[in-house]
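One structure below.
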Amino acid sequence: MDTQQMLRYSRQIILDGIGVAGQKRLLESKVLVIGAGGLGSPALYYLAAAGVGTIGIADFDLVGVSNLQRQILYSTADLGEKKTRAAAEKLTALNPDISINTYPQRVTIDNVLKIIAHYDVVIDAVDNFSARFLVSDSCFFLKKPLVEGAVTGFEGILMTIRPGITPCYRCLYPEPPEDGVMPSCADTGILGMVTGTIGSLQALEAVKLLLDIGETLTGRILSFDGLKLSFREIPWRQRSSCPLCGDHPLIHDPVEYDVKCHIKKI
């Protein structure tokens, strides 16, 4: 690292467990964030600031005015722009040391394995069950550590999955919910500070995985209640009956579902 980099990352370098060697490791690491919205925005900002050397951003959407209440990567001037383009511009301005790869298309069964394969850690910051199952299945088959986060209303959850070592996502949800059962954030609402909390914690988990420090959220789910400002840990064990990682797996390739959320009628 040059003098400018040593100064930029100095507050991390002096931490026990990181040091110069750890910072170099971060600069050589690759993290993919799928979903550049409420969760992805803070996760991406903090990963870039920390000096994760290569960051992938996968999102097919455009910046809309309703995003600005919580998706802090964007400003009013970005309305109508591709989220990947606007996000890459902001992150490069924050930290020109790093490389940004953008995937401005929907993650599907046809491209998901190819995209994920290049990264050390994946952060799942999507807002729907269809993509969540596809990403988690794909990370399982590629043996990529996955940091899952989800938020609705004033609440959020976080979990970390290490394929072959910890429970997988299907140990918690063996199958997706039926159409119309689960609400969307457009239906229930969402507070930006809650997405900021969970997204920041996702970035923290990713850095811990990259540096192999601390205790990650493996085998436990972290639940956050923004109204009570409280956290709760829920034990999470591998199921022998899990269709993906159980004793007799039924799923041998990633699966793409089409799950429709409940839409509130006004």
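Residues in the structure tokens are named by chain (A, B, ... in the order shown) and by number from 1 within that chain; ligands are numbered from 1 in the order shown.
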For segment 107-109 of chain A, work out the shell of residues within 10 Å, counting only C-alpha atoms and skipping chain neighbours fewer than 5 positions away, then give it as JSON, numbers by chain.
{"A": [34, 35, 58, 59, 60, 114, 115, 130, 131, 134, 135, 138, 253, 254, 255, 256, 257]}
Store the residues of this selection in a file with N, CA and C atoms, as a PDB file, in the first residue's frame.
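Output file again-v6.pdb is given in full below:
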```pdb
ATOM      1  N   ILE A  34     -26.090  -8.245  -4.217  1.00  0.00           N
ATOM      2  CA  ILE A  34     -27.230  -8.429  -5.113  1.00  0.00           C
ATOM      3  C   ILE A  34     -28.408  -7.656  -4.552  1.00  0.00           C
ATOM      4  N   GLY A  35     -28.750  -6.582  -5.251  1.00  0.00           N
ATOM      5  CA  GLY A  35     -29.778  -5.663  -4.789  1.00  0.00           C
ATOM      6  C   GLY A  35     -29.132  -4.392  -4.280  1.00  0.00           C
ATOM      7  N   ALA A  58     -25.305  -5.983  -8.492  1.00  0.00           N
ATOM      8  CA  ALA A  58     -26.297  -6.568  -9.392  1.00  0.00           C
ATOM      9  C   ALA A  58     -27.669  -5.994  -9.077  1.00  0.00           C
ATOM     10  N   ASP A  59     -28.241  -5.288 -10.033  1.00  0.00           N
ATOM     11  CA  ASP A  59     -29.576  -4.708  -9.872  1.00  0.00           C
ATOM     12  C   ASP A  59     -30.066  -4.256 -11.244  1.00  0.00           C
ATOM     13  N   PHE A  60     -31.291  -4.598 -11.572  1.00  0.00           N
ATOM     14  CA  PHE A  60     -31.820  -4.276 -12.902  1.00  0.00           C
ATOM     15  C   PHE A  60     -32.649  -2.995 -12.905  1.00  0.00           C
ATOM     16  N   LYS A 114     -22.920 -17.765 -13.093  1.00  0.00           N
ATOM     17  CA  LYS A 114     -21.796 -17.097 -13.747  1.00  0.00           C
ATOM     18  C   LYS A 114     -21.403 -15.826 -13.000  1.00  0.00           C
ATOM     19  N   ILE A 115     -22.386 -15.083 -12.509  1.00  0.00           N
ATOM     20  CA  ILE A 115     -22.098 -13.838 -11.787  1.00  0.00           C
ATOM     21  C   ILE A 115     -21.460 -14.128 -10.435  1.00  0.00           C
ATOM     22  N   SER A 130     -38.420 -14.854  -4.605  1.00  0.00           N
ATOM     23  CA  SER A 130     -37.960 -15.510  -5.831  1.00  0.00           C
ATOM     24  C   SER A 130     -36.447 -15.401  -5.961  1.00  0.00           C
ATOM     25  N   ALA A 131     -35.931 -14.176  -5.842  1.00  0.00           N
ATOM     26  CA  ALA A 131     -34.490 -13.952  -5.967  1.00  0.00           C
ATOM     27  C   ALA A 131     -33.742 -14.533  -4.777  1.00  0.00           C
ATOM     28  N   LEU A 134     -33.194 -18.254  -5.233  1.00  0.00           N
ATOM     29  CA  LEU A 134     -32.267 -18.473  -6.345  1.00  0.00           C
ATOM     30  C   LEU A 134     -30.827 -18.175  -5.920  1.00  0.00           C
ATOM     31  N   VAL A 135     -30.628 -17.068  -5.231  1.00  0.00           N
ATOM     32  CA  VAL A 135     -29.285 -16.679  -4.791  1.00  0.00           C
ATOM     33  C   VAL A 135     -28.761 -17.647  -3.740  1.00  0.00           C
ATOM     34  N   SER A 138     -27.831 -20.980  -5.273  1.00  0.00           N
ATOM     35  CA  SER A 138     -26.630 -20.858  -6.106  1.00  0.00           C
ATOM     36  C   SER A 138     -25.372 -20.766  -5.252  1.00  0.00           C
ATOM     37  N   ASP A 253     -29.886 -28.544  -8.259  1.00  0.00           N
ATOM     38  CA  ASP A 253     -29.524 -27.379  -9.056  1.00  0.00           C
ATOM     39  C   ASP A 253     -30.326 -26.182  -8.531  1.00  0.00           C
ATOM     40  N   PRO A 254     -29.847 -24.957  -8.770  1.00  0.00           N
ATOM     41  CA  PRO A 254     -30.626 -23.792  -8.354  1.00  0.00           C
ATOM     42  C   PRO A 254     -32.025 -23.810  -8.966  1.00  0.00           C
ATOM     43  N   VAL A 255     -32.980 -23.307  -8.194  1.00  0.00           N
ATOM     44  CA  VAL A 255     -34.375 -23.283  -8.633  1.00  0.00           C
ATOM     45  C   VAL A 255     -34.845 -21.833  -8.695  1.00  0.00           C
ATOM     46  N   GLU A 256     -35.557 -21.502  -9.757  1.00  0.00           N
ATOM     47  CA  GLU A 256     -36.118 -20.152  -9.895  1.00  0.00           C
ATOM     48  C   GLU A 256     -37.635 -20.234  -9.776  1.00  0.00           C
ATOM     49  N   TYR A 257     -38.157 -19.591  -8.726  1.00  0.00           N
ATOM     50  CA  TYR A 257     -39.593 -19.569  -8.490  1.00  0.00           C
ATOM     51  C   TYR A 257     -40.179 -18.243  -8.978  1.00  0.00           C
TER      52      TYR A 257
END
```
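Between Pro104 of chain A and the residues A:Asp16, A:Asp2, A:Asp61, A:Glu148, the shortest atom-to-atom distance, using only C-alpha atoms, involves A:Asp61.
Interatomic distance, atom CA of Val65 of chain A against atom CA of Asp124 of chain A: 23.0 Å.
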Selection near Ala50 of chain A, 10 Å with only C-alpha atoms, sequence-local residues under 5 positions removed, as a PyMOL selection string
chain A and resi 8-9+11-12+23+26-27+44-45+95+98+203-204+207
Name all residues at most 8 Å from Gly22 of chain A (count only C-alpha atoms; drop same-chain ones fewer than 5 positions away) and give them as a ChimeraX atom specification.
/A:13,17,211
